[in-house]
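This report refers to the structure that appears directly beneath it.
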Amino acid sequence: MSLSLGKAFMDLNDAMNTVIKLEGNLNDQAFFNDILKFATTMMNGFTQATGKALHRLKTSKPSEDTVKQMVEGIPSSLSYKDDNTQLFPVQSAVWNTHRIKYLPILAKEGIKHNVGGIDKRGGLLVTDPSVDDNWNTLELLVNITDDDTSNAIIFDTAYLNAMKELRKVGLLVKTDAKYLLYRACHPTTKIRFKYLAEWDLDSLMTGTLKGLPYIHCIINKDQCLASFTMYLRTSLKYYPQHIGCLFQKDNNGKTAIEVPLKNMVQTRHSRL
């Protein structure tokens, strides 16, 4: 198959060179119009075929250099949306541990070609239509977990590595850490959470969401006690003089220590 493919491209290259030489010498505009249509159709075919291949990286498992060759040669493929999910390749990459290593390459090349639009950071700031909260790729990167809890550390580490690569090339910046810290606060994403917390320690105490300190937002999350404990331990480590963030108040004037204690008491009474 590789030989026939090679022969086909050699013939195609000869044909294209002939057309280029004929331009300006052949007085037949209809001929050139037809060739232009064929060329446009062919380029669209290259984009579609390569775009689909980028959505199949979990199965094909190419080297990172191979993926780089694909997107550098056919950059239009970076903007090819999957028919079913309507995601760009960089968005698809965030959903699976076998594809996550390709995400930095796709984002780095994507920013050169405004994937998702201007200022969308190569698709990293594009929202995912399948997520109810309309989270973008970066938010999913720090929050996605594996259903197999026995694989949690491997999964968490793979996603952390992608974050580090993005940081190296300036596609993950310190101002991101502030709002991503809350998204990463879960026991199954604790490696990513620790990385973000150590990168921007101030956010442990100053981070807010909809006017509430992060600690109170976490108390209101599902499995709040596990996430609360992780956040509290981290804040105590770096801010022992403030006793972590236990005395930060919510909109009702309740401190962070009062709310979980109240919830625990209510839960205990409900079981009696």
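Residues in the structure tokens are named by chain (A, B, ... in the order shown) and by number from 1 within that chain; ligands are numbered from 1 in the order shown.
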Within 9 Å of Asp200 (chain A) using only C-alpha atoms, minus same-chain residues under 6 positions, as a ChimeraX atom specification
/A:174-175,177-178,181
Expected file contents, prior selection, N, CA and C atoms, as a CSV table (one decimal), in the first residue's frame:
```csv
chain,number,residue,atom,x,y,z
A,174,LYS,N,0.5,31.5,35.4
A,174,LYS,CA,0.2,31.6,36.8
A,174,LYS,C,-1.2,32.1,37.1
A,175,THR,N,-1.7,33.0,36.3
A,175,THR,CA,-3.0,33.6,36.5
A,175,THR,C,-4.1,32.5,36.3
A,177,ALA,N,-3.6,29.4,37.4
A,177,ALA,CA,-3.6,28.6,38.6
A,177,ALA,C,-4.7,29.0,39.6
A,178,LYS,N,-4.9,30.3,39.7
A,178,LYS,CA,-5.9,30.9,40.7
A,178,LYS,C,-7.3,30.3,40.5
A,181,LEU,N,-7.3,26.1,40.6
A,181,LEU,CA,-7.1,25.5,41.9
A,181,LEU,C,-8.4,24.9,42.5
```
Please list as an mmCIF file with C-alpha atoms, in the first residue's frame every residue within 8 Å of Thr189 (chain A), counting only C-alpha atoms and excluding residues in the same chain fewer than 5 positions away.
```
data_model
loop_
_atom_site.group_PDB
_atom_site.id
_atom_site.type_symbol
_atom_site.label_atom_id
_atom_site.label_comp_id
_atom_site.auth_asym_id
_atom_site.auth_seq_id
_atom_site.Cartn_x
_atom_site.Cartn_y
_atom_site.Cartn_z
ATOM 1 C CA VAL A 142 -7.188 19.682 36.058
ATOM 2 C CA ASN A 143 -10.503 18.033 36.940
ATOM 3 C CA ILE A 144 -10.994 14.874 34.870
ATOM 4 C CA THR A 145 -10.580 11.602 36.767
ATOM 5 C CA ALA A 152 -5.760 7.230 40.068
ATOM 6 C CA ASP A 156 -3.268 12.070 37.826
ATOM 7 C CA ALA A 184 -8.605 20.555 40.960
#
```
What's the 12 Å shell around Arg183 (chain A), counting only C-alpha atoms, without same-chain residues fewer than 5 positions away, as an MDAnalysis selection string?
chainID A and resid 133 135:145 176:178 188:190 192:193 196:197 207:209 214:215 217:218 221 227 231
What residues in region 38-258 of chain A get the DSSP label alpha helix (DSSP H)? Please answer as a ChimeraX atom specification.
/A:38-54,57-60,64-73,89-93,103-112,137-143,152-168,174-183,190-199,202-206,214-219,224-238,258
Kindly export the residues of the current selection with C-alpha atoms, as a CSV table (one decimal), in the first residue's frame.
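Everything below was put into again.csv:
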```csv
chain,number,residue,atom,x,y,z
A,38,PHE,CA,-10.1,19.8,-7.8
A,39,ALA,CA,-7.3,21.2,-5.7
A,40,THR,CA,-9.7,22.7,-3.2
A,41,THR,CA,-11.6,19.4,-2.9
A,42,MET,CA,-8.4,17.5,-2.5
A,43,MET,CA,-7.2,19.9,0.3
A,44,ASN,CA,-10.5,19.5,2.1
A,45,GLY,CA,-10.0,15.7,1.9
A,46,PHE,CA,-6.6,16.0,3.4
A,47,THR,CA,-8.0,18.1,6.2
A,48,GLN,CA,-10.8,15.7,6.9
A,49,ALA,CA,-8.7,12.6,6.8
A,50,THR,CA,-6.0,14.1,9.1
A,51,GLY,CA,-8.5,15.6,11.4
A,52,LYS,CA,-10.3,12.2,11.9
A,53,ALA,CA,-6.9,10.7,12.5
A,54,LEU,CA,-6.2,13.2,15.3
A,57,LEU,CA,-4.9,8.9,18.6
A,58,LYS,CA,-6.1,6.7,21.4
A,59,THR,CA,-6.3,3.8,19.0
A,60,SER,CA,-3.4,4.6,16.6
A,64,GLU,CA,4.6,12.7,19.5
A,65,ASP,CA,6.9,13.5,16.6
A,66,THR,CA,4.6,11.9,14.2
A,67,VAL,CA,1.6,13.9,15.4
A,68,LYS,CA,3.8,17.1,15.2
A,69,GLN,CA,4.5,16.2,11.5
A,70,MET,CA,0.8,15.7,10.8
A,71,VAL,CA,-0.3,19.0,12.2
A,72,GLU,CA,2.6,21.1,10.9
A,73,GLY,CA,2.0,19.7,7.4
A,89,PRO,CA,-8.7,17.4,18.4
A,90,VAL,CA,-7.1,19.3,21.3
A,91,GLN,CA,-10.4,19.0,23.2
A,92,SER,CA,-10.7,15.3,22.4
A,93,ALA,CA,-7.1,14.7,23.7
A,103,LEU,CA,-2.5,17.8,24.1
A,104,PRO,CA,0.6,20.1,24.5
A,105,ILE,CA,1.6,19.5,20.8
A,106,LEU,CA,-2.0,20.1,19.6
A,107,ALA,CA,-2.3,23.3,21.7
A,108,LYS,CA,1.1,24.6,20.7
A,109,GLU,CA,0.4,24.2,17.0
A,110,GLY,CA,-3.2,25.3,17.4
A,111,ILE,CA,-2.3,28.7,18.8
A,112,LYS,CA,-0.4,29.4,15.6
A,137,THR,CA,-10.1,22.4,28.1
A,138,LEU,CA,-7.9,23.7,30.9
A,139,GLU,CA,-10.6,23.3,33.5
A,140,LEU,CA,-11.2,19.7,32.3
A,141,LEU,CA,-7.4,19.1,32.3
A,142,VAL,CA,-7.2,19.7,36.1
A,143,ASN,CA,-10.5,18.0,36.9
A,152,ALA,CA,-5.8,7.2,40.1
A,153,ILE,CA,-2.1,8.0,40.7
A,154,ILE,CA,-1.0,7.0,37.1
A,155,PHE,CA,-3.9,9.0,35.7
A,156,ASP,CA,-3.3,12.1,37.8
A,157,THR,CA,0.4,12.0,37.0
A,158,ALA,CA,-0.2,11.8,33.2
A,159,TYR,CA,-2.4,14.9,33.4
A,160,LEU,CA,0.1,16.7,35.6
A,161,ASN,CA,2.8,16.0,33.0
A,162,ALA,CA,0.6,17.6,30.3
A,163,MET,CA,0.2,20.7,32.5
A,164,LYS,CA,3.9,21.0,33.0
A,165,GLU,CA,4.5,20.8,29.3
A,166,LEU,CA,1.9,23.5,28.7
A,167,ARG,CA,3.6,25.7,31.4
A,168,LYS,CA,7.0,25.3,29.7
A,174,LYS,CA,0.2,31.6,36.8
A,175,THR,CA,-3.0,33.6,36.5
A,176,ASP,CA,-4.7,30.3,35.4
A,177,ALA,CA,-3.6,28.6,38.6
A,178,LYS,CA,-5.9,30.9,40.7
A,179,TYR,CA,-9.1,29.8,39.1
A,180,LEU,CA,-8.0,26.2,38.3
A,181,LEU,CA,-7.1,25.5,41.9
A,182,TYR,CA,-10.7,25.1,42.9
A,183,ARG,CA,-11.5,22.9,39.9
A,190,LYS,CA,-4.6,15.7,44.5
A,191,ILE,CA,-1.3,15.7,42.6
A,192,ARG,CA,-2.6,18.3,40.2
A,193,PHE,CA,-4.1,20.3,43.1
A,194,LYS,CA,-0.8,20.3,45.0
A,195,TYR,CA,1.1,21.5,41.9
A,196,LEU,CA,-1.3,24.4,41.4
A,197,ALA,CA,-1.3,25.3,45.1
A,198,GLU,CA,2.5,25.4,45.3
A,199,TRP,CA,2.6,27.5,42.1
A,202,ASP,CA,-1.8,33.2,47.6
A,203,SER,CA,-4.8,31.6,46.0
A,204,LEU,CA,-5.3,29.2,48.9
A,205,MET,CA,-6.3,32.2,51.0
A,206,THR,CA,-7.5,34.7,48.4
A,214,TYR,CA,-12.8,28.7,47.9
A,215,ILE,CA,-13.0,26.8,51.2
A,216,HIS,CA,-16.7,27.5,51.3
A,217,CYS,CA,-17.3,26.6,47.7
A,218,ILE,CA,-15.6,23.3,48.4
A,219,ILE,CA,-17.8,22.7,51.4
A,224,CYS,CA,-17.3,17.9,50.5
A,225,LEU,CA,-15.6,16.5,53.5
A,226,ALA,CA,-12.9,14.7,51.5
A,227,SER,CA,-12.2,17.8,49.4
A,228,PHE,CA,-12.5,20.1,52.5
A,229,THR,CA,-9.9,18.0,54.4
A,230,MET,CA,-7.5,18.1,51.5
A,231,TYR,CA,-7.9,21.9,51.0
A,232,LEU,CA,-7.6,22.5,54.8
A,233,ARG,CA,-4.4,20.4,55.2
A,234,THR,CA,-2.8,22.3,52.3
A,235,SER,CA,-3.7,25.7,53.7
A,236,LEU,CA,-2.6,24.7,57.2
A,237,LYS,CA,0.8,23.7,55.8
A,238,TYR,CA,1.4,27.1,54.2
A,258,GLU,CA,-18.6,26.0,61.6
```
Shell of 8 Å around Arg121 (chain A), only C-alpha atoms, local chain residues under 2 positions omitted, as a list in words:
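In the requested form, the answer reads Ala107, Gly110, Ile111, Asn114, Val115, Ile118, Asp119, Gly123, Leu124, Leu125 and Leu171 of chain A.
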Among region 165-213 of chain A, which residues does DSSP mark as strand (DSSP E) when it is run on the backbone? Keep the chain and numbering as in the structure and answer as a list of chain:residue names.
A:Thr208, A:Leu209, A:Leu212, A:Pro213
